[in-house]
Amino acid sequence: MENKYLPKAIRLGDQSAHEQHHLFWSRRNFLRTLGLTSGGSMLMGNQTVQAMNMANALFEAQSDRKLVIIRQKGGNDGLNMVIPDFDYSTYKGKRPTIAIAQSNTWKLNDKFSMPNSTIALKNSWDSGKMKVINSVGYPNQNLSHFRSSDIWDSASDSNVEDDSGWLGRMLDNCFPDFAVNPPAYPPAIQIGNAGSILFNNETDTRLAFSVANADLLFQVATKGELYDTQDVPECLFGEQLSFIRTIANQTFKYAEIIQEAYNQSDSNSDYGGFNQLAQSLSLVARLIRGGLPTQVYMVTIDGHDTHAQQNQRHPALMRDLANSVKGFFEDLAQDGKDSEVLCCTTSEFGRRIEQNASGGTDHGAAAPVILFGEGLNGNAVLGKDPDLINTDQADNLIYGTDFRSIYATLLEYWLCLSPILVDQLLGQNFSRLDELGIQCAPTTHNKEVFIEGFSHEPRYSSYGDVLIYVELPSITDVQIDLYSLDGKSLSTLFHDHQIMGIQAISLDEIRRRLSPGIYVYRIRAYGYAWSKKIRII
């Protein structure tokens, strides 16, 4: 099937077009970082910073469990990460110069090995804290970095464009009153990969404290601010620069609690050298050890788009991954936090089976996912063995495990969400991977704000009126209040006892008294509260 999201010149192998495609999406990522093409970072762009001064969110995590997503950006070559010893002759034949020599590997089992560049992971494997899932992918693989990344982030079908992320939707449920009543700590922290929609909710607000790289998070953690307002020239330009930096610092209202958590711990582990992933995971370890309640993190290791000279690039990436993960869990173990954390690698796709003429590999399909953590309760290589002979029409590996089954398993068995809610967040039911060995301990079950049959959404008429539709599964008292984005209460739109069914509340009367713009309504029912943004025109 032709990939409609990948420009034709790129599909036909035009390298210059491939580079232009990267430049276009790099600009998109830059704009997203500034909050110009999406909801922006936490409370930037779509929300004003004054809302941060309001009370904490209704939801408070009752679980100490953390999920850390390690994004292998660029499309990781899974066949050179988890080597198919069971069909090594075919593997070597298709990769005559880039295949990993068997003398340069360590064994996972009788069928698979990993390159010695990942030897730092051997202790995790031997101690039962590592599992590999082979042949992970999705139907109708899209070979564009950016479209495939969005598919992995949104957990949507390949023919569906969704700008919300699976973790963004989860956090939206955990913090249903977020727009009016944000929490005192960041629901998620994202380092790198600015174009990711992983933490975006359905109204395009990013529910993560996001920084472009670990250096910026280090600046926030050590100084409590993003920019230095004192180190500026003594002139009019310096005064203006200081003012701009002060305003920018004010948008990062989570800096204080991040700095506090950072200062509560230290980092003495050996991460195997200074690299982007080591720096990111070292910071995450300090925040977790320092007591930051944030449950979900994403870190990035870039450089996996190995079209050329793969032998010079990929082993270093594997070494950085292995050493960083080893150092991370050793760091956490100093305070006994290692048992609370699960890591999962992701990448937008694997690489082709055959090497190309440049000593690299081109965009492929299925690839392994690796999980790390004590909660896995043993080591294993799971999933469908990669078949190097029976391939798809593009001669790529055929997937055996839908990546959304991994998500569903993590949500239900690790973060302890109800199966009904998990299916709702992912849009359909995906099989759970019981063989992962993850178990939800009842004592760490999250407090969910999910009522089956209850829903609410704004709808807009062609003549500008706004209606809030509320579906009630049973009789309850309903109150709907309207707020400005800075948290100021404007009006009570509705307050009455309601029977089950669908109610439509009009904002027409108050709309005439409001200036055009974005507002927030807050609905209270069944002892809980939810909020969403609405647009007045």
# chains A, B, ... in the order shown; residues from 1 in each chain; ligands from 1
>>> residues_around(residues="Arg535 of chain A", least_positions_apart="5", cutoff="7 Å", atoms="only C-alpha atoms", output="number ranges by chain")
A: 517-519
>>> residues_around(residues="Phe274 of chain A", least_positions_apart="3", cutoff="12 Å", atoms="only C-alpha atoms", output="ChimeraX atom specification")
/A:214-215,270-271,277-282,319-321,323-324,327
>>> residues_around(residues="Lys326 of chain A", least_positions_apart="5", cutoff="8 Å", atoms="only C-alpha atoms", output="PDB file with N, CA and C atoms, in the first residue's frame")
ATOM      1  N   ALA A 120      26.108  -3.774  29.332  1.00  0.00           N
ATOM      2  CA  ALA A 120      25.683  -3.198  30.613  1.00  0.00           C
ATOM      3  C   ALA A 120      24.281  -3.662  31.014  1.00  0.00           C
ATOM      4  N   LEU A 121      23.511  -4.200  30.064  1.00  0.00           N
ATOM      5  CA  LEU A 121      22.158  -4.682  30.366  1.00  0.00           C
ATOM      6  C   LEU A 121      22.142  -6.129  30.851  1.00  0.00           C
ATOM      7  N   SER A 124      20.680  -6.734  34.269  1.00  0.00           N
ATOM      8  CA  SER A 124      19.215  -6.597  34.294  1.00  0.00           C
ATOM      9  C   SER A 124      18.557  -7.862  33.766  1.00  0.00           C
ATOM     10  N   TYR A 271      26.823   6.535  34.779  1.00  0.00           N
ATOM     11  CA  TYR A 271      25.959   6.399  33.617  1.00  0.00           C
ATOM     12  C   TYR A 271      26.743   6.101  32.345  1.00  0.00           C
TER      13      TYR A 271
END
>>> select_by_dssp(residues="segment 322-429 of chain A", states="strand (DSSP E)", output="ChimeraX atom specification")
/A:341-346,367-372,380-383,401-402
>>> atom_distance(atom1="atom CA of Arg95 of chain A", atom2="atom CA of Cys344 of chain A")
27.5 Å
>>> residues_around(residues="Glu354 of chain A", least_positions_apart="6", cutoff="12 Å", atoms="only C-alpha atoms", output="list in words")
Asp77, Leu79, Asn80, Thr90, Tyr91, Lys92, Gly93, Lys94, Arg95, Pro96, Thr97, Ile98, Ala99, His307, Gly360, Thr361, Asp362, His363, Gly364, Leu388, Ile389, Thr391, Ala394, Asp395, Asn396 and Leu397 of chain A
>>> write_last_selection(atoms="N, CA and C atoms", output="compact mmCIF listing (two decimals), in the first residue's frame")
# COMPACT_ATOMS: atom_id res chain seq x y z
N ASP A 77 17.12 0.32 14.56
CA ASP A 77 17.34 -0.94 13.86
C ASP A 77 17.24 -2.09 14.86
N LEU A 79 16.97 -5.29 14.37
CA LEU A 79 17.70 -6.52 14.06
C LEU A 79 19.16 -6.45 14.52
N ASN A 80 19.69 -5.25 14.67
CA ASN A 80 21.04 -5.12 15.21
C ASN A 80 21.02 -4.83 16.70
N THR A 90 20.63 -16.13 7.25
CA THR A 90 19.83 -15.20 6.45
C THR A 90 20.11 -13.77 6.86
N TYR A 91 20.19 -13.53 8.16
CA TYR A 91 20.50 -12.20 8.69
C TYR A 91 21.84 -11.71 8.13
N LYS A 92 22.85 -12.55 8.18
CA LYS A 92 24.18 -12.18 7.69
C LYS A 92 24.17 -11.98 6.18
N GLY A 93 23.42 -12.82 5.47
CA GLY A 93 23.36 -12.70 4.02
C GLY A 93 22.74 -11.40 3.55
N LYS A 94 21.76 -10.91 4.28
CA LYS A 94 21.09 -9.67 3.90
C LYS A 94 21.83 -8.44 4.41
N ARG A 95 22.80 -8.66 5.31
CA ARG A 95 23.56 -7.55 5.88
C ARG A 95 25.05 -7.91 5.89
N PRO A 96 25.64 -8.05 4.73
CA PRO A 96 27.01 -8.58 4.68
C PRO A 96 28.05 -7.74 5.42
N THR A 97 27.86 -6.43 5.49
CA THR A 97 28.90 -5.60 6.13
C THR A 97 28.45 -4.99 7.45
N ILE A 98 27.16 -5.02 7.77
CA ILE A 98 26.71 -4.38 9.01
C ILE A 98 26.16 -5.38 10.03
N ALA A 99 26.07 -6.66 9.67
CA ALA A 99 25.60 -7.67 10.63
C ALA A 99 26.56 -7.73 11.82
N HIS A 307 20.69 5.78 7.86
CA HIS A 307 20.69 5.47 6.42
C HIS A 307 22.10 5.18 5.91
N GLY A 360 24.10 1.36 5.45
CA GLY A 360 23.07 1.65 6.45
C GLY A 360 21.82 0.87 6.17
N THR A 361 20.73 1.27 6.79
CA THR A 361 19.43 0.63 6.57
C THR A 361 18.38 1.71 6.40
N ASP A 362 17.40 1.43 5.57
CA ASP A 362 16.33 2.39 5.33
C ASP A 362 15.12 2.08 6.21
N HIS A 363 14.10 2.93 6.12
CA HIS A 363 12.93 2.82 6.98
C HIS A 363 12.25 1.47 6.81
N GLY A 364 11.95 0.83 7.92
CA GLY A 364 11.32 -0.48 7.89
C GLY A 364 10.00 -0.51 8.64
N LEU A 388 12.65 -13.36 8.48
CA LEU A 388 13.46 -12.63 7.51
C LEU A 388 13.20 -13.03 6.08
N ILE A 389 12.38 -14.03 5.87
CA ILE A 389 12.11 -14.55 4.51
C ILE A 389 10.70 -14.21 4.08
N THR A 391 8.04 -11.87 4.14
CA THR A 391 7.92 -10.45 4.49
C THR A 391 6.67 -9.84 3.87
N ALA A 394 6.65 -4.83 0.80
CA ALA A 394 7.82 -3.95 0.69
C ALA A 394 9.08 -4.63 1.22
N ASP A 395 9.00 -5.95 1.44
CA ASP A 395 10.12 -6.73 1.97
C ASP A 395 10.52 -6.31 3.38
N ASN A 396 9.53 -5.86 4.14
CA ASN A 396 9.76 -5.50 5.54
C ASN A 396 9.21 -6.58 6.46
N LEU A 397 9.69 -6.58 7.69
CA LEU A 397 9.20 -7.53 8.68
C LEU A 397 7.71 -7.34 8.94
>>> closest_residue(among="A:Ala366, A:Leu371, A:Met500, A:Val220", to="Lys131 of chain A", atoms="only C-alpha atoms")
A:Leu371
>>> residues_around(residues="His456 of chain A", least_positions_apart="6", cutoff="8 Å", atoms="only C-alpha atoms", output="number ranges by chain")
A: 468-471
>>> write_last_selection(atoms="N, CA and C atoms", output="PDB file, in the first residue's frame")
ATOM      1  N   ILE A 468     -23.664  23.100  25.949  1.00  0.00           N
ATOM      2  CA  ILE A 468     -22.922  22.073  26.664  1.00  0.00           C
ATOM      3  C   ILE A 468     -23.839  20.878  26.840  1.00  0.00           C
ATOM      4  N   TYR A 469     -23.502  19.781  26.187  1.00  0.00           N
ATOM      5  CA  TYR A 469     -24.292  18.557  26.278  1.00  0.00           C
ATOM      6  C   TYR A 469     -23.737  17.680  27.397  1.00  0.00           C
ATOM      7  N   VAL A 470     -24.623  17.277  28.292  1.00  0.00           N
ATOM      8  CA  VAL A 470     -24.241  16.443  29.423  1.00  0.00           C
ATOM      9  C   VAL A 470     -25.100  15.184  29.415  1.00  0.00           C
ATOM     10  N   GLU A 471     -24.467  14.022  29.422  1.00  0.00           N
ATOM     11  CA  GLU A 471     -25.193  12.754  29.490  1.00  0.00           C
ATOM     12  C   GLU A 471     -25.038  12.176  30.891  1.00  0.00           C
TER      13      GLU A 471
END
>>> select_by_dssp(residues="segment 412-525 of chain A", states="helix (DSSP H, G or I)", output="list in words")
Glu412, Tyr413, Trp414, Pro419, Ile420, Leu421, Val422, Asp423, Gln424, Leu425, Leu426, Asp434, Glu435, Leu436, Pro442, Thr443, Thr444, Asp508, Glu509, Ile510 and Arg511 of chain A
>>> atom_distance(atom1="atom CA of Pro233 of chain A", atom2="atom CA of Phe218 of chain A")
23.9 Å
>>> closest_residue(among="A:Pro315, A:Gly373, A:Gly290, A:Gly350", to="Gly78 of chain A", atoms="only C-alpha atoms")
A:Gly350
>>> atom_distance(atom1="atom CA of Ala188 of chain A", atom2="atom CA of Asn275 of chain A")
22.3 Å
>>> closest_residue(among="A:Ala308, A:Ile69, A:Met298, A:Ala380", to="Asn356 of chain A", atoms="only C-alpha atoms")
A:Ala308
>>> closest_residue(among="A:Asp508, A:Asp392, A:Asp162, A:Asp153", to="Phe199 of chain A", atoms="only C-alpha atoms")
A:Asp153
>>> residues_around(residues="Leu67 of chain A", least_positions_apart="4", cutoff="7 Å", atoms="only C-alpha atoms", output="list in words")
Gln295, Val296, Tyr297, Val341, Leu342 and Cys343 of chain A
>>> closest_residue(among="A:Pro139, A:Pro115, A:Gly74, A:Gly168", to="Asn193 of chain A", atoms="only C-alpha atoms")
A:Gly74
